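Participant: Here's a structure for you.
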Amino acid sequence: MHFQQTLRRSVTCAGIGLHSGHKVSLSLKAGLPDSGIRFRRADLGGHEIPAMVKNVSGIHYATGLEVDSASVETVEHLLAALISMGVDNVIIELNQREVPIMDGSAAPFVYLVQEAGTRRQAKARRFLKVTRPISLSMGDKQIALYPSEHFKITYSISFDHPLLEHQSREIQLNKESFIDQIAPARTFGFLKEVERLRRQGLALGGSLDNAIVLSESGVLNRSLRFEDEFVRHKILDAIGDLALVGYPLIGHLVVNRGGHALHTAFASMVLENDEAWELVESTVDAATGAPALVPVKSTT
């Protein structure tokens with residue numbers, strides 16, 4: 001896709017916030033070229049919050065953004081769906097502070113985008129292409145980006161639980177692989193943490209309808225969508241959190257034992273290390289007619 005895209009028409013859905021438990025109405029609307037992904041709080045007079053890592057305000061159990069005391073929470077699943085479906089510019093209008101959890105995955109948001117359709121805009125799509133390795137460690141957690149000709153993710157998780165002692169998956173990300181292999185993977189949590197979270201005012205909207213819940217020895221849900229649904233959901237979270245860089249990535253992302261704190265700290269680090277990447281535009285080679293990426297010309 002050589003050009004930026006937005007939605008062909010507006011679409012709306014309703015649900016509840018995973019942590020707030022509040023009913024939420026969400027609308028996706030077309031955005032102007034180069035405007036990016038922007039949240040709009042309809043209940044706060046239309047205050048807008050750009051989906052940029054500089055606006056990250058909360059990373060406990062979900063990713064939150066804030067601008068001038070207006071906030072939006074649990075943004076990662078929706079961001080992952082939008083960027084993976086090739087939507088560059090969109091307004092996400094909410095009447096509450098939290099994006100609805102839906103079924104705990106990104107599949108309902110994929111469906112919304114498919115219902116809305118997309119349309120091409122008269123601006124070239126830009127990518128952040130990694131040219132040198134970038135890495136970050138936080139204790140026993142590691143994340144890195146390496147040069148690659150595609151966006152690829154290798155993710156490993158390890159928990160003190162018989163089902164989660166180790167899971168790992170590598171996937172080359174594109175629209176089709178995201179829809180089939182990553183979007184349906186649901187968020188998960190541990191039963192022993194539920195009461196503690198609720199005492200903290202979190203997980204008030206959580207249930208077996210929108211999360212996988214693990215007991216000490218198994219899963220309380222009837223079934224899993226994938227045998228390794230847990231690591232697939234971690235990949236989903238990483239895609240959404242790294243969308244806060246502001247551009248689709250071209251590189252190989254490798255993560256071990258990651259989470260929102262690691263993902264978002266790394267997104268900031270990527271932008272700071274501007275000697276390790278270049279902005280490129282999608283175009284067509286004039287001689288061969290083949291797709292090509294060319295460096296964005298500096299305006300300075």
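Identifiers in the structure tokens: chain A, B, ... in order shown; residue index from 1 per chain; ligand index from 1 in order shown.
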What are the closest atom pairs, with distances in Å to one decimal, for each residue of region 256-290 of chain A lying within 12 Å of region 160-171 of chain A, using only C-alpha atoms, rows by chain and rising residue number, as a Markdown table?
Facilitator:
```
| residue | atom | partner | partner_atom | distance |
| --- | --- | --- | --- | --- |
| A:Asn256 | CA | A:Ser168 | CA | 8.9 |
| A:Arg257 | CA | A:His166 | CA | 9.7 |
| A:Gly258 | CA | A:Ser168 | CA | 11.9 |
```
Participant: Write a file of the selected residues as a CSV table (one decimal), in the first residue's frame, keeping all heavy atoms.
Facilitator:
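Result file is part.csv:
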```
chain,number,residue,atom,x,y,z
A,256,ASN,N,11.6,-10.6,25.1
A,256,ASN,CA,11.6,-11.7,26.1
A,256,ASN,C,11.0,-11.2,27.4
A,256,ASN,O,11.5,-10.2,28.0
A,256,ASN,CB,13.0,-12.2,26.4
A,256,ASN,CG,13.0,-13.4,27.4
A,256,ASN,OD1,12.2,-14.3,27.3
A,256,ASN,ND2,13.9,-13.3,28.3
A,257,ARG,N,9.8,-11.8,27.8
A,257,ARG,CA,9.2,-11.5,29.1
A,257,ARG,C,8.7,-10.0,29.1
A,257,ARG,O,8.9,-9.3,30.1
A,257,ARG,CB,10.1,-11.8,30.3
A,257,ARG,CG,10.4,-13.3,30.4
A,257,ARG,CD,11.5,-13.5,31.5
A,257,ARG,NE,10.9,-13.1,32.8
A,257,ARG,CZ,10.3,-13.9,33.7
A,257,ARG,NH1,10.2,-15.2,33.4
A,257,ARG,NH2,9.9,-13.5,34.8
A,258,GLY,N,8.2,-9.5,28.0
A,258,GLY,CA,7.8,-8.1,27.9
A,258,GLY,C,6.5,-7.8,28.6
A,258,GLY,O,5.7,-8.7,29.1
```
Participant: Could you pull out the residues in region 32-271 of chain A that DSSP calls strand (DSSP E) from the backbone, as a PyMOL selection string?
Facilitator: chain A and resi 37-41+47-50+56-58+64-67+70-73+90-94+118-124+126-130+134-138+141-146+151-157+167-172+188-190+212-214+249-256
Participant: Report as a compact mmCIF listing (two decimals) with C-alpha atoms, in the first residue's frame all protein, DNA and RNA residues lying within 12 Å of Ser135 (chain A), evaluated on only C-alpha atoms, omitting residues in the same chain fewer than 5 positions from it.
Facilitator:
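out_15.txt, written as the output of this step:
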```
# COMPACT_ATOMS: atom_id res chain seq x y z
CA VAL A 130 15.55 0.19 11.39
CA LYS A 141 13.05 -8.50 30.53
CA GLN A 142 14.58 -7.67 27.15
CA ILE A 143 13.41 -6.03 23.94
CA ALA A 144 15.28 -5.18 20.74
CA LEU A 145 14.78 -4.11 17.14
CA TYR A 146 17.08 -5.38 14.39
CA HIS A 252 12.64 -7.48 13.52
CA LEU A 253 11.26 -6.97 17.04
CA VAL A 254 12.54 -9.50 19.59
CA VAL A 255 10.99 -9.53 23.08
CA ASN A 256 11.56 -11.73 26.12
CA LEU A 262 8.92 -2.39 28.59
CA HIS A 263 7.10 -1.85 25.27
CA ALA A 265 9.78 2.63 27.31
CA PHE A 266 11.28 1.04 24.21
CA ALA A 267 9.00 3.06 21.90
CA SER A 268 10.44 6.23 23.46
CA MET A 269 13.96 4.86 23.14
CA VAL A 270 13.47 4.10 19.44
CA ASN A 273 17.93 6.83 18.79
CA ALA A 276 19.52 3.85 14.19
```
Participant: Extract, using only C-alpha atoms, all DNA, RNA and protein residues at most 7 Å from Lys123 (chain A), discarding same-chain residues fewer than 6 positions from it, and format them as a list in words.
Facilitator: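 Answer for this query is Phe3, Gln4 and Pro33 of chain A.
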Participant: Generate a file of the selected residues that holds N, CA and C atoms, formatted as a tab-separated table (two decimals), in the first residue's frame.
Facilitator:
```tsv
chain	number	residue	atom	x	y	z
A	3	PHE	N	0.00	4.47	-0.40
A	3	PHE	CA	-0.58	5.71	0.08
A	3	PHE	C	-1.17	5.53	1.48
A	4	GLN	N	-1.25	6.64	2.20
A	4	GLN	CA	-1.94	6.62	3.48
A	4	GLN	C	-3.41	6.27	3.28
A	33	PRO	N	-5.20	13.47	6.10
A	33	PRO	CA	-3.86	12.97	5.81
A	33	PRO	C	-2.83	13.54	6.79
```
Participant: May I have the residues within 7 Å of Met52 (chain A) as a list in words, using only C-alpha atoms and disregarding those fewer than 6 positions away in the same chain?
Facilitator: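 The residues that qualify are Leu244, Val245 and Gly246 of chain A.
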Participant: Just asking: which residues within region 145-300 of chain A are alpha helix (DSSP H) according to DSSP, as a VMD selection string?
Facilitator: chain A and resid 175 to 177 191 to 199 229 to 242 260 to 272
Participant: List every residue of region 106-142 of chain A that has an atom at most 12 Å from any atom of region 85-96 of chain A, and for each one report the closest atom pair and its distance in Å to one decimal, counting only C-alpha atoms, with rows sorted by chain and then by increasing residue number, as JSON lines.
Facilitator:
```
{"residue": "A:Ala106", "atom": "CA", "partner": "A:Met85", "partner_atom": "CA", "distance": 11.0}
{"residue": "A:Ala107", "atom": "CA", "partner": "A:Met85", "partner_atom": "CA", "distance": 11.2}
{"residue": "A:Phe109", "atom": "CA", "partner": "A:Met85", "partner_atom": "CA", "distance": 9.8}
{"residue": "A:Val110", "atom": "CA", "partner": "A:Met85", "partner_atom": "CA", "distance": 7.3}
{"residue": "A:Tyr111", "atom": "CA", "partner": "A:Met85", "partner_atom": "CA", "distance": 10.2}
{"residue": "A:Leu112", "atom": "CA", "partner": "A:Met85", "partner_atom": "CA", "distance": 10.6}
{"residue": "A:Val113", "atom": "CA", "partner": "A:Met85", "partner_atom": "CA", "distance": 7.5}
{"residue": "A:Gln114", "atom": "CA", "partner": "A:Met85", "partner_atom": "CA", "distance": 8.7}
{"residue": "A:Ala116", "atom": "CA", "partner": "A:Val87", "partner_atom": "CA", "distance": 11.0}
{"residue": "A:Gly117", "atom": "CA", "partner": "A:Val87", "partner_atom": "CA", "distance": 9.8}
{"residue": "A:Thr118", "atom": "CA", "partner": "A:Val87", "partner_atom": "CA", "distance": 7.4}
{"residue": "A:Arg119", "atom": "CA", "partner": "A:Val87", "partner_atom": "CA", "distance": 9.1}
{"residue": "A:Arg120", "atom": "CA", "partner": "A:Val87", "partner_atom": "CA", "distance": 9.7}
{"residue": "A:Gln121", "atom": "CA", "partner": "A:Asn89", "partner_atom": "CA", "distance": 9.4}
{"residue": "A:Lys123", "atom": "CA", "partner": "A:Asp88", "partner_atom": "CA", "distance": 10.5}
{"residue": "A:Ala124", "atom": "CA", "partner": "A:Asp88", "partner_atom": "CA", "distance": 10.5}
{"residue": "A:Arg125", "atom": "CA", "partner": "A:Asp88", "partner_atom": "CA", "distance": 7.9}
{"residue": "A:Arg126", "atom": "CA", "partner": "A:Asp88", "partner_atom": "CA", "distance": 9.5}
{"residue": "A:Phe127", "atom": "CA", "partner": "A:Asp88", "partner_atom": "CA", "distance": 10.8}
```
Participant: For a quick check of understanding, using only C-alpha atoms, which of A:Lys29, A:Arg186, A:Lys234, A:His260 has the smallest distance to Ser207 (chain A)?
Facilitator: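 Closest to Ser207 (chain A), using only C-alpha atoms: A:Arg186.
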Participant: Tell me which of A:Arg41, A:His2, A:Arg8, A:Arg232 sits closest to Ser282 (chain A), counting only C-alpha atoms.
Facilitator: A:His2
Participant: Pick out the residues sitting within 10 Å of Asp68 (chain A), and hand them over as a list in words; count only C-alpha atoms, and ignore anything fewer than 4 positions along from it in its own chain.
Facilitator: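 In the requested format, the answer is His47, Glu48, Ile49 and Asn55 of chain A.
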Participant: Include all heavy atoms and write out the residues we just selected as a PDB file, in the first residue's frame.
Facilitator:
```pdb
ATOM      1  N   HIS A  47     -12.023  17.034  23.376  1.00  0.00           N
ATOM      2  CA  HIS A  47     -10.579  17.106  23.629  1.00  0.00           C
ATOM      3  C   HIS A  47      -9.882  15.931  22.941  1.00  0.00           C
ATOM      4  O   HIS A  47     -10.301  14.788  23.092  1.00  0.00           O
ATOM      5  CB  HIS A  47     -10.320  17.071  25.131  1.00  0.00           C
ATOM      6  CG  HIS A  47      -8.941  17.512  25.512  1.00  0.00           C
ATOM      7  ND1 HIS A  47      -8.680  18.710  26.131  1.00  0.00           N
ATOM      8  CD2 HIS A  47      -7.739  16.923  25.331  1.00  0.00           C
ATOM      9  CE1 HIS A  47      -7.392  18.833  26.327  1.00  0.00           C
ATOM     10  NE2 HIS A  47      -6.793  17.755  25.855  1.00  0.00           N
ATOM     11  N   GLU A  48      -8.805  16.212  22.202  1.00  0.00           N
ATOM     12  CA  GLU A  48      -8.114  15.175  21.447  1.00  0.00           C
ATOM     13  C   GLU A  48      -6.794  14.774  22.091  1.00  0.00           C
ATOM     14  O   GLU A  48      -6.072  15.607  22.649  1.00  0.00           O
ATOM     15  CB  GLU A  48      -7.888  15.619  20.002  1.00  0.00           C
ATOM     16  CG  GLU A  48      -9.183  15.705  19.203  1.00  0.00           C
ATOM     17  CD  GLU A  48      -8.957  15.834  17.708  1.00  0.00           C
ATOM     18  OE1 GLU A  48      -7.780  15.957  17.280  1.00  0.00           O
ATOM     19  OE2 GLU A  48      -9.954  15.796  16.963  1.00  0.00           O
ATOM     20  N   ILE A  49      -6.483  13.483  21.977  1.00  0.00           N
ATOM     21  CA  ILE A  49      -5.269  12.902  22.541  1.00  0.00           C
ATOM     22  C   ILE A  49      -4.578  12.108  21.436  1.00  0.00           C
ATOM     23  O   ILE A  49      -5.019  11.005  21.099  1.00  0.00           O
ATOM     24  CB  ILE A  49      -5.603  11.984  23.731  1.00  0.00           C
ATOM     25  CG1 ILE A  49      -6.461  12.722  24.758  1.00  0.00           C
ATOM     26  CG2 ILE A  49      -4.318  11.441  24.361  1.00  0.00           C
ATOM     27  CD1 ILE A  49      -7.154  11.812  25.742  1.00  0.00           C
ATOM     28  N   ASN A  55       2.732  10.889  25.040  1.00  0.00           N
ATOM     29  CA  ASN A  55       1.509  11.096  25.816  1.00  0.00           C
ATOM     30  C   ASN A  55       1.181   9.931  26.748  1.00  0.00           C
ATOM     31  O   ASN A  55       0.122   9.928  27.379  1.00  0.00           O
ATOM     32  CB  ASN A  55       0.332  11.356  24.877  1.00  0.00           C
ATOM     33  CG  ASN A  55       0.510  12.633  24.073  1.00  0.00           C
ATOM     34  OD1 ASN A  55       1.095  13.599  24.546  1.00  0.00           O
ATOM     35  ND2 ASN A  55       0.017  12.633  22.841  1.00  0.00           N
TER      36      ASN A  55
END
```
Participant: Quick one: everything within 9 Å of Val24 (chain A), counting only C-alpha atoms, minus sequence neighbours fewer than 4 positions away in the same chain. Send it as a PyMOL selection string.
Facilitator: chain A and resi 13-17+94-100
Participant: Counting only C-alpha atoms, which of A:Ala80, A:Ala70, A:Leu202, A:Ala122 gets nearest to Ala42 (chain A)?
Facilitator: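 Nearest candidate to Ala42 (chain A) out of A:Ala80, A:Ala70, A:Leu202, A:Ala122: A:Ala70.
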Participant: A:Gly218, A:Gly201, A:Gly36, A:Pro184: which is nearest Gln5 (chain A), counting only C-alpha atoms?
Facilitator: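 Smallest separation from Gln5 (chain A) among the options: A:Gly36.
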